[in-house]
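Colleague: What follows is start-v1.cif, mmCIF, C-alpha atoms.
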```
data_start
loop_
_atom_site.label_atom_id
_atom_site.label_comp_id
_atom_site.auth_asym_id
_atom_site.auth_seq_id
_atom_site.Cartn_x
_atom_site.Cartn_y
_atom_site.Cartn_z
CA MET A 3 3.77 5.96 -9.37
CA ASP A 4 6.08 7.98 -7.16
CA HIS A 5 8.29 5.74 -5.05
CA PRO A 6 8.99 6.37 -1.38
CA SER A 7 12.43 7.87 -0.85
CA PRO A 8 15.42 5.53 -1.30
CA LYS A 9 16.04 5.83 2.44
CA VAL A 10 12.60 4.38 3.20
CA VAL A 11 13.28 1.38 0.98
CA THR A 12 16.81 0.94 2.37
CA ASP A 13 15.61 1.08 5.97
CA ASP A 14 12.67 -1.28 5.36
CA VAL A 15 15.00 -3.86 3.83
CA ALA A 16 17.69 -3.45 6.49
CA ARG A 17 15.16 -4.18 9.25
CA ALA A 18 13.85 -7.21 7.40
CA LEU A 19 17.30 -8.67 6.78
CA GLU A 20 18.32 -8.12 10.39
CA GLU A 21 15.19 -9.95 11.47
CA ASP A 22 15.85 -12.91 9.17
CA ILE A 23 19.63 -13.24 9.02
CA GLY A 24 20.77 -11.76 12.33
CA ASP A 25 24.52 -12.36 12.61
CA GLY A 26 24.68 -14.85 9.74
CA ASP A 27 22.92 -17.28 7.42
CA ARG A 28 24.28 -20.59 8.72
CA THR A 29 22.87 -22.61 5.82
CA ALA A 30 24.25 -20.33 3.11
CA GLU A 31 27.69 -20.66 4.72
CA LEU A 32 27.71 -24.25 3.47
CA ILE A 33 28.03 -22.90 -0.11
CA PRO A 34 31.52 -22.01 -1.38
CA PRO A 35 31.77 -18.18 -1.37
CA GLU A 36 32.86 -18.04 -5.01
CA ASN A 37 29.82 -19.93 -6.34
CA SER A 38 27.14 -18.17 -8.36
CA LEU A 39 23.71 -19.16 -9.58
CA GLN A 40 20.82 -17.92 -11.69
CA THR A 41 17.14 -18.04 -10.78
CA ARG A 42 13.87 -16.98 -12.32
CA LEU A 43 10.92 -15.67 -10.37
CA VAL A 44 7.53 -16.91 -11.59
CA SER A 45 4.02 -15.80 -10.64
CA ARG A 46 1.68 -18.60 -9.65
CA GLU A 47 -1.47 -16.47 -9.97
CA THR A 48 -2.87 -13.40 -11.66
CA ALA A 49 -2.02 -10.20 -9.81
CA VAL A 50 -0.77 -6.64 -10.05
CA LEU A 51 2.97 -6.33 -9.54
CA ALA A 52 4.38 -4.00 -6.87
CA GLY A 53 7.55 -3.84 -4.81
CA GLN A 54 10.42 -4.01 -7.28
CA ALA A 55 12.54 -1.48 -5.39
CA TRP A 56 12.35 -3.50 -2.16
CA PHE A 57 13.09 -6.75 -4.00
CA GLU A 58 16.20 -5.29 -5.66
CA GLU A 59 17.39 -3.56 -2.51
CA THR A 60 17.34 -6.85 -0.61
CA PHE A 61 19.97 -8.36 -2.89
CA ARG A 62 21.92 -5.11 -3.17
CA GLN A 63 22.45 -5.08 0.59
CA LEU A 64 23.68 -8.68 0.57
CA HIS A 65 26.24 -8.72 -2.25
CA CYS A 66 27.44 -6.39 -5.00
CA ASP A 67 27.55 -9.25 -7.51
CA ILE A 68 23.81 -9.85 -7.81
CA SER A 69 21.73 -8.50 -10.66
CA VAL A 70 17.97 -8.42 -11.16
CA ASP A 71 16.54 -8.25 -14.68
CA TRP A 72 12.81 -7.53 -14.84
CA PHE A 73 10.31 -8.76 -17.41
CA ALA A 74 7.38 -6.80 -15.90
CA SER A 75 6.91 -3.44 -14.18
CA ASP A 76 5.20 -2.21 -11.02
CA GLY A 77 1.54 -1.55 -11.70
CA GLU A 78 1.42 -4.11 -14.51
CA ALA A 79 -1.05 -6.99 -14.49
CA ILE A 80 0.74 -10.35 -14.37
CA SER A 81 -0.57 -13.82 -15.13
CA ILE A 82 -0.14 -17.40 -13.95
CA ASP A 83 3.27 -18.89 -14.80
CA GLN A 84 4.55 -15.55 -16.07
CA GLU A 85 8.29 -14.99 -15.57
CA ILE A 86 8.68 -11.83 -13.54
CA CYS A 87 12.43 -11.44 -13.27
CA CYS A 88 15.82 -13.16 -13.38
CA VAL A 89 18.13 -12.98 -10.36
CA SER A 90 21.75 -13.97 -10.89
CA GLY A 91 25.04 -13.64 -9.06
CA ASN A 92 26.66 -14.68 -5.81
CA ALA A 93 24.99 -17.88 -4.61
CA ARG A 94 25.19 -17.11 -0.91
CA GLY A 95 23.64 -13.70 -1.39
CA VAL A 96 20.83 -14.97 -3.61
CA LEU A 97 19.97 -17.78 -1.21
CA SER A 98 20.09 -15.52 1.85
CA GLY A 99 17.92 -12.86 0.27
CA GLU A 100 15.37 -15.03 -1.51
CA ARG A 101 12.76 -15.19 1.25
CA THR A 102 12.99 -11.55 2.32
CA ALA A 103 12.85 -10.28 -1.26
CA ILE A 104 9.81 -12.41 -2.07
CA ASN A 105 8.13 -11.41 1.20
CA PHE A 106 8.24 -7.77 0.12
CA LEU A 107 7.08 -8.53 -3.41
CA GLN A 108 4.25 -10.85 -2.39
CA THR A 109 2.90 -8.45 0.25
CA LEU A 110 3.06 -5.34 -1.90
CA SER A 111 1.74 -7.13 -4.99
CA GLY A 112 -1.11 -8.45 -2.86
CA THR A 113 -1.87 -4.90 -1.77
CA ALA A 114 -1.78 -3.59 -5.34
CA THR A 115 -3.98 -6.45 -6.51
CA GLN A 116 -6.57 -5.75 -3.83
CA ALA A 117 -6.58 -2.06 -4.71
CA ARG A 118 -7.07 -2.85 -8.39
CA ARG A 119 -10.09 -5.04 -7.58
CA TYR A 120 -11.81 -2.16 -5.82
CA VAL A 121 -10.88 0.35 -8.51
CA ASP A 122 -12.23 -1.97 -11.21
CA ALA A 123 -15.44 -2.47 -9.25
CA VAL A 124 -16.33 1.25 -9.43
CA GLU A 125 -15.12 1.85 -12.99
CA GLY A 126 -17.18 4.50 -14.75
CA THR A 127 -18.72 5.97 -11.60
CA GLY A 128 -16.16 8.74 -11.10
CA VAL A 129 -15.61 7.86 -7.45
CA ILE A 130 -12.06 7.85 -6.05
CA ILE A 131 -10.98 4.87 -3.95
CA LEU A 132 -8.84 5.80 -0.95
CA ASP A 133 -6.78 3.74 1.46
CA THR A 134 -6.59 4.22 5.25
CA ARG A 135 -4.04 4.06 8.07
CA LYS A 136 -4.85 0.36 8.60
CA THR A 137 -1.46 -0.77 7.35
CA LEU A 138 1.20 -3.24 8.44
CA PRO A 139 3.31 -1.57 11.15
CA GLY A 140 6.59 -0.34 9.70
CA LEU A 141 5.47 -0.79 6.09
CA ARG A 142 2.97 2.04 5.68
CA LEU A 143 4.81 3.93 2.95
CA ALA A 144 5.49 0.69 1.11
CA GLN A 145 1.82 -0.33 1.21
CA LYS A 146 0.63 3.13 0.24
CA TYR A 147 2.95 2.96 -2.77
CA ALA A 148 1.43 -0.43 -3.64
CA VAL A 149 -2.07 1.05 -3.38
CA ARG A 150 -1.07 3.59 -6.02
CA CYS A 151 0.29 0.78 -8.19
CA GLY A 152 -3.21 -0.71 -8.04
CA GLY A 153 -4.79 2.53 -9.24
CA ALA A 154 -6.29 3.74 -5.97
CA ARG A 155 -5.18 6.86 -4.10
CA ASN A 156 -3.77 7.57 -0.69
CA HIS A 157 -5.68 9.19 2.15
CA ARG A 158 -3.43 10.87 4.72
CA VAL A 159 -0.11 9.16 5.37
CA GLY A 160 -0.34 9.59 9.13
CA LEU A 161 -1.52 11.86 11.89
CA PHE A 162 0.82 14.64 10.77
CA ASP A 163 -0.18 15.48 7.21
CA ALA A 164 -3.97 15.92 7.45
CA ILE A 165 -6.65 16.40 10.10
CA LEU A 166 -9.46 13.92 10.56
CA VAL A 167 -11.75 14.94 13.43
CA LYS A 168 -13.43 11.81 14.77
CA GLU A 169 -16.01 11.11 17.46
CA ASN A 170 -13.60 11.19 20.38
CA HIS A 171 -11.98 14.41 19.15
CA ILE A 172 -15.41 16.02 18.92
CA SER A 173 -16.27 14.94 22.46
CA ALA A 174 -12.95 16.23 23.80
CA ALA A 175 -13.22 19.55 21.94
CA GLY A 176 -16.87 20.09 22.89
CA SER A 177 -18.40 20.16 19.42
CA ILE A 178 -17.68 19.78 15.73
CA SER A 179 -17.63 23.55 15.35
CA ALA A 180 -15.10 23.99 18.14
CA ALA A 181 -12.80 21.30 16.77
CA VAL A 182 -12.97 22.72 13.23
CA LYS A 183 -12.35 26.25 14.49
CA ASN A 184 -9.19 25.11 16.29
CA ALA A 185 -8.01 23.15 13.25
CA LEU A 186 -8.44 26.13 10.93
CA ARG A 187 -6.54 28.32 13.38
CA LEU A 188 -3.64 25.96 13.98
CA TYR A 189 -3.22 24.21 10.61
CA PRO A 190 -5.02 26.13 7.84
CA HIS A 191 -2.81 24.51 5.18
CA LEU A 192 -3.81 20.91 5.97
CA LEU A 193 -6.75 18.92 4.65
CA LEU A 194 -9.49 19.17 7.26
CA GLU A 195 -12.01 16.33 7.38
CA VAL A 196 -14.71 15.57 9.94
CA GLU A 197 -16.24 12.17 10.60
CA VAL A 198 -20.03 12.54 10.85
CA GLU A 199 -22.72 10.05 11.79
CA ASN A 200 -25.83 11.84 10.51
CA LEU A 201 -27.00 14.69 8.30
CA GLU A 202 -27.18 17.16 11.19
CA GLN A 203 -23.49 16.65 11.93
CA LEU A 204 -22.73 16.96 8.23
CA GLU A 205 -24.51 20.33 8.18
CA GLU A 206 -22.48 21.48 11.19
CA ALA A 207 -19.19 20.34 9.64
CA HIS A 208 -19.98 22.19 6.41
CA ALA A 209 -21.08 25.36 8.20
CA ALA A 210 -17.92 25.32 10.34
CA GLY A 211 -15.65 25.21 7.28
CA ALA A 212 -14.51 21.59 6.96
CA GLN A 213 -13.26 20.64 3.51
CA ARG A 214 -14.41 17.03 3.57
CA ALA A 215 -16.84 14.88 5.53
CA LEU A 216 -16.36 11.21 6.25
CA LEU A 217 -19.85 9.72 6.17
CA ASP A 218 -19.46 6.93 8.69
CA ASN A 219 -21.67 3.89 8.12
CA PHE A 220 -24.33 5.86 6.23
CA SER A 221 -26.91 3.78 4.43
CA ASN A 222 -27.07 4.21 0.68
CA ASN A 223 -30.29 6.20 1.07
CA GLN A 224 -28.54 8.51 3.54
CA LEU A 225 -25.62 8.85 1.16
CA ARG A 226 -27.94 9.86 -1.67
CA THR A 227 -29.54 12.50 0.54
CA ALA A 228 -26.13 13.82 1.53
CA VAL A 229 -25.14 14.04 -2.11
CA GLU A 230 -28.35 15.88 -3.04
CA ARG A 231 -27.83 18.47 -0.31
CA PHE A 232 -24.09 18.90 -0.09
CA ARG A 233 -22.29 17.74 -3.21
CA GLY A 234 -20.04 20.52 -4.48
CA LYS A 235 -20.15 22.28 -1.11
CA ILE A 236 -17.99 19.82 0.83
CA GLY A 237 -16.14 16.66 -0.20
CA LEU A 238 -18.14 13.55 0.59
CA GLU A 239 -16.34 10.35 1.60
CA ALA A 240 -18.22 7.15 2.34
CA SER A 241 -16.64 4.69 4.76
CA GLY A 242 -17.50 1.77 6.99
CA GLY A 243 -18.96 -1.63 6.20
CA ILE A 244 -18.18 -1.41 2.49
CA SER A 245 -17.05 -4.59 0.76
CA LEU A 246 -16.04 -5.54 -2.75
CA ASP A 247 -19.58 -6.88 -3.26
CA THR A 248 -21.29 -3.65 -2.19
CA ILE A 249 -18.91 -0.90 -3.23
CA ARG A 250 -20.38 -0.26 -6.67
CA GLU A 251 -23.81 0.39 -5.22
CA THR A 252 -22.18 2.82 -2.78
CA ALA A 253 -20.31 4.52 -5.59
CA LEU A 254 -23.51 4.99 -7.57
CA THR A 255 -24.93 7.21 -4.79
CA GLY A 256 -22.69 9.97 -6.14
CA VAL A 257 -20.18 10.37 -3.32
CA ASP A 258 -16.75 11.74 -4.21
CA PHE A 259 -14.61 9.25 -2.32
CA ILE A 260 -14.84 5.82 -0.74
CA SER A 261 -12.18 4.83 1.80
CA VAL A 262 -11.54 1.11 2.25
CA GLY A 263 -9.46 -0.40 5.03
CA ASP A 264 -9.36 -3.75 3.24
CA LEU A 265 -6.95 -2.34 0.66
CA THR A 266 -4.14 -2.75 3.19
CA LYS A 267 -5.37 -4.69 6.22
CA SER A 268 -6.92 -7.77 4.58
CA VAL A 269 -4.30 -8.48 1.98
CA LYS A 270 -3.64 -11.95 0.59
CA ALA A 271 -0.01 -12.31 -0.44
CA THR A 272 0.59 -12.99 -4.11
CA ASP A 273 2.09 -16.42 -4.75
CA PHE A 274 5.55 -16.30 -6.35
CA SER A 275 8.03 -19.12 -6.91
CA MET A 276 11.79 -18.76 -7.38
CA ARG A 277 13.11 -21.44 -9.72
CA PHE A 278 16.81 -22.17 -9.98
CA VAL A 279 18.10 -22.24 -13.54
CA ARG A 280 21.77 -23.08 -13.19
CA PRO A 281 24.65 -22.96 -10.71
CA GLY A 282 28.12 -21.78 -11.59
CA ILE A 283 31.44 -20.50 -10.30
CA ARG A 284 32.29 -16.87 -10.76
CA ALA A 285 35.01 -15.45 -8.57
CA THR A 286 33.94 -11.85 -7.96
CA THR A 287 35.24 -9.55 -5.27
CA CYS A 288 33.16 -6.59 -4.14
CA PRO A 289 35.01 -3.24 -4.04
CA ASP A 290 35.87 -1.88 -0.66
#
```
Here is the file; what I need is its structure written in the form of structure tokens.
Modeller:
Amino acid sequence: MDHPSPKVVTDDVARALEEDIGDGDRTAELIPPENSLQTRLVSRETAVLAGQAWFEETFRQLHCDISVDWFASDGEAISIDQEICCVSGNARGVLSGERTAINFLQTLSGTATQARRYVDAVEGTGVIILDTRKTLPGLRLAQKYAVRCGGARNHRVGLFDAILVKENHISAAGSISAAVKNALRLYPHLLLEVEVENLEQLEEAHAAGAQRALLDNFSNNQLRTAVERFRGKIGLEASGGISLDTIRETALTGVDFISVGDLTKSVKATDFSMRFVRPGIRATTCPD
């Protein structure tokens, strides 16, 4: 899985640490600055791991004398009571960063785990599971990375890298054809998708030159009809009202894609526990 740029990870972590620590961790100041300790991170449930870069960056920003040794990799399935990593070094830094580091890991692992559930549910159908823009504010690139760790794929990142013409855009432009015509004129290099609510709108989107149609809240019978008439002519993406319990039936209609907001918006954080192994004293000075 391609990671977001280092700057994205650095900035995400810097914001999180500023939010949590502010101008100082008053409790960590009770610990002598030369003290060190070692901890092990353990998973308390089965999951798919994601977020190592954010976890490591948290401790890197707090103290140069903290190391993280991993026993699992992003995208790997992990089990109950499995040791995930060892964190060792400056005690103040480890204690100050523990919560923020785990927050990133639990959220992104939860996202990856949810994505994997949906991917597994449609195994063998050939359908591609896509995420949406329904992400945690400020953590979109992180969550979209986690979706990839879970085996699903990303839809557009934001409003800038693809065009999705929805109901209000159609109303404002005057018609599907008018909106598609303007899109092809202004941004011919971008993915152009149109949200449609019935087969007539799908026909118009195809005739106008859209590359993909988002079939909004189509019944499975409607999806099958759309596939019979338009598969291979325009990409077909099912969306709306699809759950983990119903997604396989949707996939079996023959659509190309299914987009699922629950991959990122209804995530349950993975439960991790940081267990302290041993304290120590190690006088280490960070370079200027």
Colleague: Quick one: everything within 12 Å of His191 of chain A, counting all atoms listed in the file, minus sequence neighbours fewer than 3 positions away in the same chain. Send it as a PyMOL selection string.
Modeller: chain A and resi 162-165+185-188+194+213
Colleague: Nearest residue to Ile104 of chain A out of A:Trp56, A:Phe73, A:Phe232, A:Phe278, using only C-alpha atoms?
Modeller: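 Of A:Trp56, A:Phe73, A:Phe232, A:Phe278, the one nearest Ile104 of chain A is A:Trp56, counting only C-alpha atoms.
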Colleague: Around (20.1, -12.2, -12.6) in the file's own coordinates, what residues are found within 12 Å if you use all atoms listed in the file, given back as a VMD selection string?
Modeller: chain A and resid 38 to 43 58 61 to 62 67 to 73 86 to 93 95 to 96 276 to 281
Colleague: Go ahead and save the picked residues with C-alpha atoms, as a CSV table (one decimal), in the coordinates of the input.
Modeller:
```
chain,number,residue,atom,x,y,z
A,38,SER,CA,27.1,-18.2,-8.4
A,39,LEU,CA,23.7,-19.2,-9.6
A,40,GLN,CA,20.8,-17.9,-11.7
A,41,THR,CA,17.1,-18.0,-10.8
A,42,ARG,CA,13.9,-17.0,-12.3
A,43,LEU,CA,10.9,-15.7,-10.4
A,58,GLU,CA,16.2,-5.3,-5.7
A,61,PHE,CA,20.0,-8.4,-2.9
A,62,ARG,CA,21.9,-5.1,-3.2
A,67,ASP,CA,27.6,-9.2,-7.5
A,68,ILE,CA,23.8,-9.8,-7.8
A,69,SER,CA,21.7,-8.5,-10.7
A,70,VAL,CA,18.0,-8.4,-11.2
A,71,ASP,CA,16.5,-8.2,-14.7
A,72,TRP,CA,12.8,-7.5,-14.8
A,73,PHE,CA,10.3,-8.8,-17.4
A,86,ILE,CA,8.7,-11.8,-13.5
A,87,CYS,CA,12.4,-11.4,-13.3
A,88,CYS,CA,15.8,-13.2,-13.4
A,89,VAL,CA,18.1,-13.0,-10.4
A,90,SER,CA,21.8,-14.0,-10.9
A,91,GLY,CA,25.0,-13.6,-9.1
A,92,ASN,CA,26.7,-14.7,-5.8
A,93,ALA,CA,25.0,-17.9,-4.6
A,95,GLY,CA,23.6,-13.7,-1.4
A,96,VAL,CA,20.8,-15.0,-3.6
A,276,MET,CA,11.8,-18.8,-7.4
A,277,ARG,CA,13.1,-21.4,-9.7
A,278,PHE,CA,16.8,-22.2,-10.0
A,279,VAL,CA,18.1,-22.2,-13.5
A,280,ARG,CA,21.8,-23.1,-13.2
A,281,PRO,CA,24.6,-23.0,-10.7
```
Colleague: For the file shown, what are the residues hit by the PyMOL selection byres ((chain A and resi 137) around 6), laid out as a ChimeraX atom specification?
Modeller: /A:135-136,138,142,266-267
Colleague: Please determine, counting all atoms listed in the file, which residue among A:Asp133, A:Glu47, A:Glu125, A:Glu251 has the shortest atom-to-atom distance to Ser268 of chain A.
Modeller: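 Of all the options, A:Asp133 lies closest to Ser268 of chain A.
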Colleague: Name the residues captured by the PyMOL selection byres ((chain A and resi 183) around 12) when it is applied to the shown file; answer as number ranges by chain.
Modeller: A: 167, 172, 175-182, 184-190, 194, 196, 206-212
Colleague: Rank nothing, just name the residue among A:Thr127, A:Thr272, A:Thr29, A:Thr48 nearest to Ala253 of chain A, using only C-alpha atoms.
Modeller: A:Thr127
Colleague: From the options A:Leu141, A:Ala18, A:Val10, A:Cys151, which residue's atoms come nearest to Ala79 of chain A, counting only C-alpha atoms?
Modeller: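 That would be A:Cys151, the residue with the smallest distance to Ala79 of chain A.
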Colleague: Work out how far apart atom CA of Ser111 of chain A and atom CA of Leu51 of chain A are and give it in Å to one decimal.
Modeller: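 Between these atoms lies a distance of 4.8 Å.
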Colleague: Starting from the PyMOL selection byres ((chain A and resi 252) around 12), expand the selection into actual residues of this file and give them as a PyMOL selection string.
Modeller: chain A and resi 120+123-124+127-131+217+219-226+229+238-251+253-262
Colleague: Enclose all atoms of segment 54-57 of chain A listed in the file in an axis-aligned box, grow every side by 5 Å, and hand back centre and edge lengths in Å to one decimal, as AutoDock Vina command-line options.
Modeller:
```
--center_x 11.8 --center_y -4.1 --center_z -4.7 --size_x 12.7 --size_y 15.3 --size_z 15.1
```
Colleague: Using all atoms listed in the file, find the one residue out of A:Cys66, A:Thr115, A:Leu19, A:Ile80 that sits nearest to Arg46 of chain A.
Modeller: A:Ile80
Colleague: Within 8 Å of (-0.6, -1.9, -0.9) (coordinates as in the file), grab all the protein and nucleic acid residues, counting all atoms listed in the file, and write them out as a PyMOL selection string.
Modeller: chain A and resi 109-117+144-152+265-266
Colleague: Smallest atom-to-atom distance to Thr60 of chain A: which of A:Ile23, A:Leu32, A:Ala103, A:Ala74, using all atoms listed in the file?
Modeller: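 The shortest atom-to-atom distance to Thr60 of chain A comes from A:Ala103.
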Colleague: At what distance in Å, to one decimal, does atom CA of Glu100 of chain A lie from atom CA of Asp22 of chain A?
Modeller: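 Distance reported for this atom pair: 10.9 Å.
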Colleague: When you draw a straight line from atom CA of Val11 of chain A to atom CA of Ser98 of chain A, how long is it in Å?
Modeller: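 Computing it gives 18.2 Å between the two atoms.
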Colleague: Would you mind listing what lies within 10 Å of Thr12 of chain A as a list of chain:residue names, with only C-alpha atoms counted and same-chain residues fewer than 4 positions away left out?
Modeller: A:Ser7, A:Pro8, A:Ala16, A:Arg17, A:Ala55, A:Trp56, A:Glu59, A:Thr60, A:Arg62, A:Gln63
Colleague: Residues within 9 Å of Lys168 of chain A, please, as a list in words. Count all atoms listed in the file; anything in the same chain fewer than 3 positions from it doesn't count.
Modeller: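 Returned residues: His171, Ile172, Ser173, Glu195, Val196, Glu197 and Val198 of chain A.
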Colleague: Please save C-alpha atoms of the selected residues as a PDB file, in the coordinates of the input.
Modeller:
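The result, written out as selection_38.pdb:
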```pdb
ATOM      1  CA  HIS A 171     -11.980  14.410  19.150  1.00  0.00           C
ATOM      2  CA  ILE A 172     -15.410  16.020  18.920  1.00  0.00           C
ATOM      3  CA  SER A 173     -16.270  14.940  22.460  1.00  0.00           C
ATOM      4  CA  GLU A 195     -12.010  16.330   7.380  1.00  0.00           C
ATOM      5  CA  VAL A 196     -14.710  15.570   9.940  1.00  0.00           C
ATOM      6  CA  GLU A 197     -16.240  12.170  10.600  1.00  0.00           C
ATOM      7  CA  VAL A 198     -20.030  12.540  10.850  1.00  0.00           C
TER       8      VAL A 198
END
```
